[in-house]
$ cat input09.cif   # mmCIF, C-alpha atoms
data_upload
#
loop_
_atom_site.group_PDB
_atom_site.id
_atom_site.type_symbol
_atom_site.label_atom_id
_atom_site.label_comp_id
_atom_site.auth_asym_id
_atom_site.auth_seq_id
_atom_site.Cartn_x
_atom_site.Cartn_y
_atom_site.Cartn_z
ATOM 1 C CA MET A 292 0.000 0.000 0.000
ATOM 2 C CA ASN A 293 1.410 3.377 -0.998
ATOM 3 C CA HIS A 294 0.920 6.003 1.685
ATOM 4 C CA LEU A 295 0.273 9.676 1.024
ATOM 5 C CA THR A 296 3.262 11.884 0.247
ATOM 6 C CA GLU A 297 4.013 15.156 2.008
ATOM 7 C CA GLU A 298 2.678 17.055 -1.001
ATOM 8 C CA GLN A 299 -0.579 15.066 -0.928
ATOM 9 C CA PHE A 300 -1.003 15.739 2.793
ATOM 10 C CA GLU A 301 -0.599 19.444 2.082
ATOM 11 C CA GLU A 302 -3.240 19.278 -0.646
ATOM 12 C CA VAL A 303 -5.645 17.432 1.680
ATOM 13 C CA MET A 304 -5.200 20.092 4.368
ATOM 14 C CA GLN A 305 -5.893 22.800 1.786
ATOM 15 C CA GLY A 306 -9.043 21.034 0.608
ATOM 16 C CA LYS A 307 -7.678 20.395 -2.875
ATOM 17 C CA VAL A 308 -8.176 16.604 -2.747
ATOM 18 C CA THR A 309 -11.636 15.125 -3.182
ATOM 19 C CA ASP A 310 -10.734 11.420 -3.530
ATOM 20 C CA LEU A 311 -10.109 10.439 0.105
ATOM 21 C CA LYS A 312 -10.602 6.682 -0.240
ATOM 22 C CA HIS A 313 -7.056 5.813 0.832
ATOM 23 C CA LEU A 314 -7.234 8.208 3.775
ATOM 24 C CA ARG A 315 -10.485 6.664 4.978
ATOM 25 C CA GLU A 316 -8.978 3.173 4.858
ATOM 26 C CA CYS A 317 -5.422 3.804 6.085
ATOM 27 C CA LYS A 318 -5.022 4.338 9.817
ATOM 28 C CA ASP A 319 -1.332 5.290 9.464
ATOM 29 C CA CYS A 320 -2.169 8.154 7.112
ATOM 30 C CA GLN A 321 -5.063 9.203 9.342
ATOM 31 C CA ARG A 322 -2.667 9.476 12.291
ATOM 32 C CA ARG A 323 -0.137 11.433 10.267
ATOM 33 C CA LEU A 324 -2.835 13.813 9.050
ATOM 34 C CA ASP A 325 -4.043 14.328 12.637
ATOM 35 C CA GLU A 326 -0.494 15.189 13.710
ATOM 36 C CA LYS A 327 -0.025 17.630 10.837
ATOM 37 C CA GLN A 328 -3.374 19.316 11.531
ATOM 38 C CA ALA A 329 -2.538 19.589 15.235
ATOM 39 C CA LEU A 330 0.813 21.208 14.386
ATOM 40 C CA ALA A 331 -0.858 23.585 11.908
ATOM 41 C CA ASN A 332 -3.344 24.641 14.584
ATOM 42 C CA ARG A 333 -0.524 25.295 17.033
ATOM 43 C CA LEU A 334 1.299 27.376 14.433
ATOM 44 C CA ARG A 335 -1.802 29.490 13.876
ATOM 45 C CA THR A 336 -2.230 29.884 17.621
ATOM 46 C CA ALA A 337 1.417 30.818 17.996
ATOM 47 C CA PHE A 338 1.324 33.547 15.360
ATOM 48 C CA ASN A 339 -1.984 34.893 16.642
ATOM 49 C CA SER A 340 -0.636 35.091 20.176
ATOM 50 C CA VAL A 341 2.669 36.778 19.312
ATOM 51 C CA LYS A 342 2.506 40.267 20.770
ATOM 52 C CA PRO A 343 5.909 41.930 21.124
ATOM 53 C CA ASP A 344 6.423 43.950 24.273
ATOM 54 C CA VAL A 345 5.235 47.510 23.599
ATOM 55 C CA SER A 346 8.252 49.130 25.250
ATOM 56 C CA LEU A 347 10.721 47.060 23.234
ATOM 57 C CA GLU A 348 8.867 47.759 20.001
ATOM 58 C CA GLU A 349 8.819 51.494 20.702
ATOM 59 C CA SER A 350 12.474 51.485 21.720
ATOM 60 C CA ILE A 351 13.535 49.799 18.475
ATOM 61 C CA ARG A 352 11.365 52.144 16.416
ATOM 62 C CA ASP A 353 12.725 55.262 18.173
ATOM 63 C CA SER A 354 16.313 54.076 17.822
ATOM 64 C CA ILE A 355 15.899 53.434 14.106
ATOM 65 C CA ALA A 356 14.247 56.813 13.622
ATOM 66 C CA GLU A 357 17.058 58.549 15.529
ATOM 67 C CA LYS A 358 19.674 56.787 13.453
ATOM 68 C CA ARG A 359 17.867 57.836 10.282
ATOM 69 C CA ARG A 360 17.842 61.464 11.394
ATOM 70 C CA GLN A 361 21.543 61.322 12.103
ATOM 71 C CA THR A 362 22.390 59.846 8.741
ATOM 72 C CA GLU A 363 20.239 62.394 6.932
ATOM 73 C CA LEU A 364 22.498 65.116 8.333
ATOM 74 C CA VAL A 365 25.484 63.548 6.690
ATOM 75 C CA VAL A 366 26.116 64.397 3.087
ATOM 76 C CA SER A 367 25.980 61.144 1.154
ATOM 77 C CA GLY A 368 29.200 61.906 -0.720
ATOM 78 C CA SER A 369 31.210 62.466 2.452
ATOM 79 C CA ARG A 370 30.060 59.455 4.441
ATOM 80 C CA SER A 371 32.928 57.251 5.494
ATOM 81 C CA TRP A 372 33.006 53.452 5.366
ATOM 82 C CA LYS A 373 32.653 53.511 9.140
ATOM 83 C CA ASN A 374 29.339 55.380 8.933
ATOM 84 C CA ARG A 375 27.984 52.916 6.403
ATOM 85 C CA LEU A 376 29.184 49.934 8.447
ATOM 86 C CA ASN A 377 27.509 51.283 11.579
ATOM 87 C CA ASP A 378 24.241 51.678 9.680
ATOM 88 C CA LYS A 379 24.333 48.064 8.524
ATOM 89 C CA ILE A 380 25.229 46.748 11.969
ATOM 90 C CA TRP A 381 22.453 48.724 13.627
ATOM 91 C CA THR A 382 19.864 47.588 11.087
ATOM 92 C CA THR A 383 20.928 43.972 11.613
ATOM 93 C CA ILE A 384 20.675 44.268 15.407
ATOM 94 C CA ALA A 385 17.221 45.839 15.185
ATOM 95 C CA ALA A 386 15.980 43.117 12.864
ATOM 96 C CA ALA A 387 17.420 40.417 15.125
ATOM 97 C CA ALA A 388 15.676 41.916 18.153
ATOM 98 C CA VAL A 389 12.313 41.819 16.395
ATOM 99 C CA LEU A 390 12.966 38.261 15.229
ATOM 100 C CA LEU A 391 13.804 37.181 18.785
ATOM 101 C CA VAL A 392 10.527 38.582 20.078
ATOM 102 C CA VAL A 393 8.636 36.517 17.522
ATOM 103 C CA ALA A 394 10.779 33.385 17.622
ATOM 104 C CA PHE A 395 10.777 32.825 21.385
ATOM 105 C CA PRO A 396 7.044 32.254 21.847
ATOM 106 C CA LEU A 397 6.851 30.452 18.517
ATOM 107 C CA SER A 398 9.521 27.967 19.603
ATOM 108 C CA PHE A 399 7.440 27.140 22.664
ATOM 109 C CA TYR A 400 4.618 25.932 20.436
ATOM 110 C CA LEU A 401 6.798 24.185 17.869
ATOM 111 C CA TRP A 402 9.209 22.236 20.034
ATOM 112 C CA ALA A 403 7.682 21.464 23.410
ATOM 113 C CA PRO A 404 4.219 20.283 22.342
ATOM 114 C CA SER A 405 5.273 18.279 19.291
ATOM 115 C CA SER A 406 6.901 15.471 21.280
ATOM 116 C CA ALA A 407 4.050 15.584 23.767
ATOM 117 C CA ILE A 408 1.427 15.148 21.055
ATOM 118 C CA ALA A 409 3.486 12.213 19.811
ATOM 119 C CA GLY A 410 2.845 10.587 23.201
ATOM 120 C CA GLN A 411 -0.905 10.783 22.658
ATOM 121 C CA ALA A 412 -0.484 9.349 19.162
ATOM 122 C CA GLU A 413 1.474 6.442 20.650
ATOM 123 C CA LEU A 414 -1.310 5.705 23.153
ATOM 124 C CA VAL A 415 -3.862 5.602 20.332
ATOM 125 C CA ARG A 416 -1.575 3.404 18.247
ATOM 126 C CA ILE A 417 -1.248 0.900 21.105
ATOM 127 C CA HIS A 418 -5.021 0.905 21.643
ATOM 128 C CA GLU A 419 -5.668 0.293 17.943
ATOM 129 C CA HIS A 420 -3.158 -2.543 17.981
ATOM 130 C CA ASN A 421 -4.983 -4.024 20.965
ATOM 131 C CA MET A 422 -8.261 -3.870 19.046
ATOM 132 C CA SER A 423 -6.825 -5.770 16.079
ATOM 133 C CA PRO A 424 -8.154 -9.324 15.732
ATOM 134 C CA HIS A 425 -4.599 -10.445 14.991
ATOM 135 C CA THR A 426 -3.155 -9.254 18.302
ATOM 136 C CA GLU A 427 -2.009 -12.049 20.572
ATOM 137 C CA PHE A 428 -2.651 -11.574 24.288
ATOM 138 C CA PHE A 429 -1.471 -13.394 27.342
ATOM 139 C CA SER A 430 -4.773 -14.378 28.913
ATOM 140 C CA ASP A 431 -5.430 -16.307 32.083
ATOM 141 C CA ALA A 432 -8.300 -16.422 34.527
ATOM 142 C CA GLU A 433 -5.941 -16.313 37.502
ATOM 143 C CA PRO A 434 -4.838 -12.758 38.429
ATOM 144 C CA GLU A 435 -1.654 -14.167 39.945
ATOM 145 C CA LYS A 436 -0.535 -15.505 36.557
ATOM 146 C CA LEU A 437 -1.279 -12.179 34.857
ATOM 147 C CA ALA A 438 0.763 -10.420 37.533
ATOM 148 C CA ALA A 439 3.620 -12.887 37.066
ATOM 149 C CA TYR A 440 3.560 -12.277 33.298
ATOM 150 C CA PHE A 441 3.921 -8.520 33.734
ATOM 151 C CA LYS A 442 6.564 -8.971 36.425
ATOM 152 C CA ASP A 443 8.626 -11.133 34.092
ATOM 153 C CA LYS A 444 8.265 -8.815 31.074
ATOM 154 C CA LEU A 445 8.287 -5.385 32.716
ATOM 155 C CA GLY A 446 10.120 -5.912 35.962
ATOM 156 C CA PHE A 447 7.108 -4.736 37.972
ATOM 157 C CA THR A 448 3.452 -5.605 38.352
ATOM 158 C CA PRO A 449 1.073 -2.819 37.276
ATOM 159 C CA ALA A 450 -2.170 -2.217 39.135
ATOM 160 C CA MET A 451 -5.098 -4.095 37.609
ATOM 161 C CA PRO A 452 -8.836 -3.792 38.329
ATOM 162 C CA CYS A 453 -10.693 -6.603 40.004
ATOM 163 C CA THR A 454 -12.909 -8.496 37.619
ATOM 164 C CA GLY A 455 -16.637 -8.758 38.009
ATOM 165 C CA LYS A 456 -19.278 -6.031 38.154
ATOM 166 C CA GLY A 457 -19.255 -5.804 34.386
ATOM 167 C CA LEU A 458 -15.459 -5.751 34.018
ATOM 168 C CA ALA A 459 -13.501 -8.563 32.381
ATOM 169 C CA ILE A 460 -9.838 -8.540 31.388
ATOM 170 C CA ARG A 461 -9.470 -9.879 27.855
ATOM 171 C CA GLY A 462 -5.739 -10.180 28.123
ATOM 172 C CA CYS A 463 -2.498 -8.287 28.510
ATOM 173 C CA CYS A 464 0.508 -7.718 26.315
ATOM 174 C CA ILE A 465 3.754 -5.814 26.086
ATOM 175 C CA ALA A 466 3.776 -2.709 23.924
ATOM 176 C CA HIS A 467 6.375 -0.146 22.894
ATOM 177 C CA PHE A 468 5.825 3.460 23.856
ATOM 178 C CA LYS A 469 8.332 5.943 22.400
ATOM 179 C CA SER A 470 10.996 3.211 22.138
ATOM 180 C CA GLN A 471 10.333 2.062 25.701
ATOM 181 C CA ILE A 472 8.635 -1.112 26.870
ATOM 182 C CA ALA A 473 5.177 -0.484 28.309
ATOM 183 C CA GLY A 474 2.484 -2.687 29.784
ATOM 184 C CA SER A 475 -0.986 -2.818 28.291
ATOM 185 C CA TYR A 476 -4.145 -4.732 29.058
ATOM 186 C CA VAL A 477 -7.584 -4.766 27.481
ATOM 187 C CA VAL A 478 -10.741 -4.542 29.579
ATOM 188 C CA SER A 479 -14.274 -5.304 28.471
ATOM 189 C CA THR A 480 -16.699 -2.929 30.174
ATOM 190 C CA PRO A 481 -20.461 -2.330 29.880
ATOM 191 C CA GLY A 482 -19.666 0.773 27.817
ATOM 192 C CA GLY A 483 -17.218 -0.844 25.434
ATOM 193 C CA VAL A 484 -13.702 -2.225 25.182
ATOM 194 C CA ILE A 485 -10.852 -0.062 26.433
ATOM 195 C CA SER A 486 -7.095 -0.292 26.784
ATOM 196 C CA VAL A 487 -5.211 0.578 29.938
ATOM 197 C CA ILE A 488 -1.640 1.493 29.057
ATOM 198 C CA VAL A 489 1.044 1.932 31.708
ATOM 199 C CA VAL A 490 3.874 4.312 30.767
ATOM 200 C CA PRO A 491 6.592 6.234 32.628
ATOM 201 C CA ASP A 492 5.758 9.642 31.064
ATOM 202 C CA THR A 493 3.671 11.984 33.196
ATOM 203 C CA PRO A 494 0.288 13.250 31.916
ATOM 204 C CA LYS A 495 1.727 16.745 31.592
ATOM 205 C CA GLU A 496 4.614 15.448 29.469
ATOM 206 C CA MET A 497 2.004 13.995 27.115
ATOM 207 C CA ALA A 498 0.155 17.351 26.927
ATOM 208 C CA LEU A 499 -3.014 16.090 28.598
ATOM 209 C CA ASP A 500 -5.352 18.646 30.185
ATOM 210 C CA ARG A 501 -6.192 18.503 33.855
ATOM 211 C CA LEU A 502 -9.737 17.399 34.622
ATOM 212 C CA PRO A 503 -11.771 19.406 37.118
ATOM 213 C CA ALA A 504 -11.798 17.593 40.449
ATOM 214 C CA GLY A 505 -14.929 15.640 41.306
ATOM 215 C CA ARG A 506 -16.541 15.579 44.722
ATOM 216 C CA ASP A 507 -14.829 12.358 45.774
ATOM 217 C CA ASP A 508 -11.582 12.717 43.849
ATOM 218 C CA ASP A 509 -8.447 12.768 45.941
ATOM 219 C CA ARG A 510 -6.222 12.255 42.898
ATOM 220 C CA VAL A 511 -5.559 14.369 39.825
ATOM 221 C CA PHE A 512 -6.968 13.050 36.558
ATOM 222 C CA TRP A 513 -6.020 14.250 33.092
ATOM 223 C CA LYS A 514 -7.781 13.979 29.751
ATOM 224 C CA SER A 515 -7.367 14.458 26.029
ATOM 225 C CA SER A 516 -8.888 13.386 22.724
ATOM 226 C CA TYR A 517 -6.743 12.296 19.825
ATOM 227 C CA ALA A 518 -7.881 11.002 16.433
ATOM 228 C CA HIS A 519 -11.023 8.981 17.203
ATOM 229 C CA CYS A 520 -10.155 8.172 20.835
ATOM 230 C CA ASN A 521 -10.792 9.652 24.266
ATOM 231 C CA MET A 522 -8.170 9.141 26.936
ATOM 232 C CA VAL A 523 -7.946 9.780 30.663
ATOM 233 C CA ALA A 524 -4.775 9.335 32.702
ATOM 234 C CA VAL A 525 -3.775 9.309 36.352
ATOM 235 C CA ARG A 526 -0.410 9.034 38.033
ATOM 236 C CA PHE A 527 -0.091 6.014 40.322
ATOM 237 C CA GLY A 528 3.297 5.307 41.873
ATOM 238 C CA ASP A 529 6.037 5.849 39.324
ATOM 239 C CA TYR A 530 3.798 5.317 36.309
ATOM 240 C CA THR A 531 0.919 6.875 34.426
ATOM 241 C CA TYR A 532 -2.150 4.741 33.797
ATOM 242 C CA SER A 533 -3.896 5.849 30.607
ATOM 243 C CA ALA A 534 -7.353 4.502 29.795
ATOM 244 C CA VAL A 535 -8.155 4.801 26.067
ATOM 245 C CA GLY A 536 -11.465 4.116 24.332
ATOM 246 C CA ASN A 537 -13.358 4.886 21.164
ATOM 247 C CA ILE A 538 -14.668 8.436 21.255
ATOM 248 C CA SER A 539 -18.108 7.375 20.000
ATOM 249 C CA GLN A 540 -18.558 4.868 22.845
ATOM 250 C CA ILE A 541 -16.478 5.924 25.828
ATOM 251 C CA SER A 542 -16.628 9.346 27.505
ATOM 252 C CA HIS A 543 -13.953 11.004 29.616
ATOM 253 C CA ASP A 544 -16.164 10.631 32.694
ATOM 254 C CA TYR A 545 -16.539 6.909 32.050
ATOM 255 C CA LEU A 546 -12.763 6.484 31.749
ATOM 256 C CA ARG A 547 -12.161 8.487 34.912
ATOM 257 C CA ASP A 548 -14.632 6.325 36.839
ATOM 258 C CA LEU A 549 -12.881 3.187 35.635
ATOM 259 C CA LEU A 550 -9.446 4.479 36.628
ATOM 260 C CA GLY A 551 -10.858 5.552 39.973
ATOM 261 C CA ARG A 552 -12.100 2.020 40.494
ATOM 262 C CA LEU A 553 -8.713 0.634 39.491
ATOM 263 C CA LEU A 554 -7.042 2.781 42.118
ATOM 264 C CA SER A 555 -9.532 1.905 44.837
ATOM 265 C CA ASP A 556 -9.037 -1.815 44.078
ATOM 266 C CA ASN A 557 -5.302 -1.414 44.570
ATOM 267 C CA GLN A 558 -5.136 0.818 47.625
ATOM 268 C CA ASP A 559 -3.086 -0.568 50.473
#
$ encode --input "input09.cif" --output "structure tokens"
Amino acid sequence: MNHLTEEQFEEVMQGKVTDLKHLRECKDCQRRLDEKQALANRLRTAFNSVKPDVSLEESIRDSIAEKRRQTELVVSGSRSWKNRLNDKIWTTIAAAAVLLVVAFPLSFYLWAPSSAIAGQAELVRIHEHNMSPHTEFFSDAEPEKLAAYFKDKLGFTPAMPCTGKGLAIRGCCIAHFKSQIAGSYVVSTPGGVISVIVVPDTPKEMALDRLPAGRDDDRVFWKSSYAHCNMVAVRFGDYTYSAVGNISQISHDYLRDLLGRLLSDNQD
């Protein structure tokens, strides 16, 4: 299967492409398009939010105007190479100052969030892999054997919800999150099938937004939506537990309730 080229992605984003059959069928291209659209939105936000400090802008403008007045007093034929060199240096410094004012906030949007958004894309990728009928899981009815499997593969045993009350663990597997090994298990719930993915990155490092605290919440929950998935995360010990489900079936509140139950099942 030939994936879309960079030029084709650009044409799709500009609305120039009407035949979107490949894009509808290819999850890899859908993810790449989501990432490019997210970056484009951040660029627009960055440029819209760039507002140079008024005092700096006025200072640069006044300095340039003063320099212009000084040079106008000098007869062009008698200007020395030193005068001309000073003019060029000053113009360069002024332009660099303006560029710095623009570039600093822009770099915040371009560099910091891009790797964070990649974390969300990785969570969705792992969830989609878990939903594939070809994915092989380690499945056992005995929680002790599931715990031993994770202990052997990960070096630790992640928290897992107790079964029953509508919850059933389909199986668990080892995934790769940003070139690191991560634990993942799939849970069947009354609302739909979700993945719980255990990663070392914090929710803030993955650019998730903090959820308003509920009445009974004594932990901080985080949320986001990426591609066609909702996700909610919570920090537990040294790891982040991210619950991911299809956006058309699973709400953020539902995912938070499930993670809250997971935590309550594993409290000392």
$ resolve_selection --input "input09.cif" --expression "the PyMOL selection byres ((chain A and resi 422) around 12)" --output "number ranges by chain"
A: 415-421, 423-428, 461-463, 475-479, 483-486, 535-537
$ resolve_selection --input "input09.cif" --expression "the PyMOL selection byres ((chain A and resi 413) around 12)" --output "number ranges by chain"
A: 319, 322-323, 326, 406-412, 414-420, 466-471, 473, 488-490, 492, 497, 517-518, 520, 522, 533, 535
$ write_last_selection --input "input09.cif" --atoms "C-alpha atoms" --output "PDB file, in the coordinates of the input"
ATOM      1  CA  ASP A 319      -1.332   5.290   9.464  1.00  0.00           C
ATOM      2  CA  ARG A 322      -2.667   9.476  12.291  1.00  0.00           C
ATOM      3  CA  ARG A 323      -0.137  11.433  10.267  1.00  0.00           C
ATOM      4  CA  GLU A 326      -0.494  15.189  13.710  1.00  0.00           C
ATOM      5  CA  SER A 406       6.901  15.471  21.280  1.00  0.00           C
ATOM      6  CA  ALA A 407       4.050  15.584  23.767  1.00  0.00           C
ATOM      7  CA  ILE A 408       1.427  15.148  21.055  1.00  0.00           C
ATOM      8  CA  ALA A 409       3.486  12.213  19.811  1.00  0.00           C
ATOM      9  CA  GLY A 410       2.845  10.587  23.201  1.00  0.00           C
ATOM     10  CA  GLN A 411      -0.905  10.783  22.658  1.00  0.00           C
ATOM     11  CA  ALA A 412      -0.484   9.349  19.162  1.00  0.00           C
ATOM     12  CA  LEU A 414      -1.310   5.705  23.153  1.00  0.00           C
ATOM     13  CA  VAL A 415      -3.862   5.602  20.332  1.00  0.00           C
ATOM     14  CA  ARG A 416      -1.575   3.404  18.247  1.00  0.00           C
ATOM     15  CA  ILE A 417      -1.248   0.900  21.105  1.00  0.00           C
ATOM     16  CA  HIS A 418      -5.021   0.905  21.643  1.00  0.00           C
ATOM     17  CA  GLU A 419      -5.668   0.293  17.943  1.00  0.00           C
ATOM     18  CA  HIS A 420      -3.158  -2.543  17.981  1.00  0.00           C
ATOM     19  CA  ALA A 466       3.776  -2.709  23.924  1.00  0.00           C
ATOM     20  CA  HIS A 467       6.375  -0.146  22.894  1.00  0.00           C
ATOM     21  CA  PHE A 468       5.825   3.460  23.856  1.00  0.00           C
ATOM     22  CA  LYS A 469       8.332   5.943  22.400  1.00  0.00           C
ATOM     23  CA  SER A 470      10.996   3.211  22.138  1.00  0.00           C
ATOM     24  CA  GLN A 471      10.333   2.062  25.701  1.00  0.00           C
ATOM     25  CA  ALA A 473       5.177  -0.484  28.309  1.00  0.00           C
ATOM     26  CA  ILE A 488      -1.640   1.493  29.057  1.00  0.00           C
ATOM     27  CA  VAL A 489       1.044   1.932  31.708  1.00  0.00           C
ATOM     28  CA  VAL A 490       3.874   4.312  30.767  1.00  0.00           C
ATOM     29  CA  ASP A 492       5.758   9.642  31.064  1.00  0.00           C
ATOM     30  CA  MET A 497       2.004  13.995  27.115  1.00  0.00           C
ATOM     31  CA  TYR A 517      -6.743  12.296  19.825  1.00  0.00           C
ATOM     32  CA  ALA A 518      -7.881  11.002  16.433  1.00  0.00           C
ATOM     33  CA  CYS A 520     -10.155   8.172  20.835  1.00  0.00           C
ATOM     34  CA  MET A 522      -8.170   9.141  26.936  1.00  0.00           C
ATOM     35  CA  SER A 533      -3.896   5.849  30.607  1.00  0.00           C
ATOM     36  CA  VAL A 535      -8.155   4.801  26.067  1.00  0.00           C
TER      37      VAL A 535
END
$ atom_distance --input "input09.cif" --atom1 "CA of Cys317 in chain A" --atom2 "CA of Ala331 in chain A"
21.1 Å
$ atom_distance --input "input09.cif" --atom1 "CA of Tyr545 in chain A" --atom2 "CA of Ala450 in chain A"
18.4 Å
$ closest_residue --input "input09.cif" --among "A:His294, A:Lys327, A:His543, A:Arg552" --to "Pro503 in chain A" --atoms "only C-alpha atoms"
A:His543
$ residues_around --input "input09.cif" --residues "range 435-443 of chain A" --least-positions-apart "5" --cutoff "8 Å" --atoms "all atoms listed in the file" --output "PDB file with C-alpha atoms, in the frame of the given file"
ATOM      1  CA  PHE A 429      -1.471 -13.394  27.342  1.00  0.00           C
ATOM      2  CA  SER A 430      -4.773 -14.378  28.913  1.00  0.00           C
ATOM      3  CA  THR A 448       3.452  -5.605  38.352  1.00  0.00           C
ATOM      4  CA  PRO A 449       1.073  -2.819  37.276  1.00  0.00           C
ATOM      5  CA  CYS A 463      -2.498  -8.287  28.510  1.00  0.00           C
ATOM      6  CA  GLY A 474       2.484  -2.687  29.784  1.00  0.00           C
TER       7      GLY A 474
END
$ residues_around --input "input09.cif" --residues "Leu502 in chain A" --least-positions-apart "6" --cutoff "7 Å" --atoms "all atoms listed in the file" --output "list in words"
Phe512, Trp513 and Lys514 of chain A
$ atom_distance --input "input09.cif" --atom1 "CA of Ala329 in chain A" --atom2 "CA of Val511 in chain A"
25.3 Å
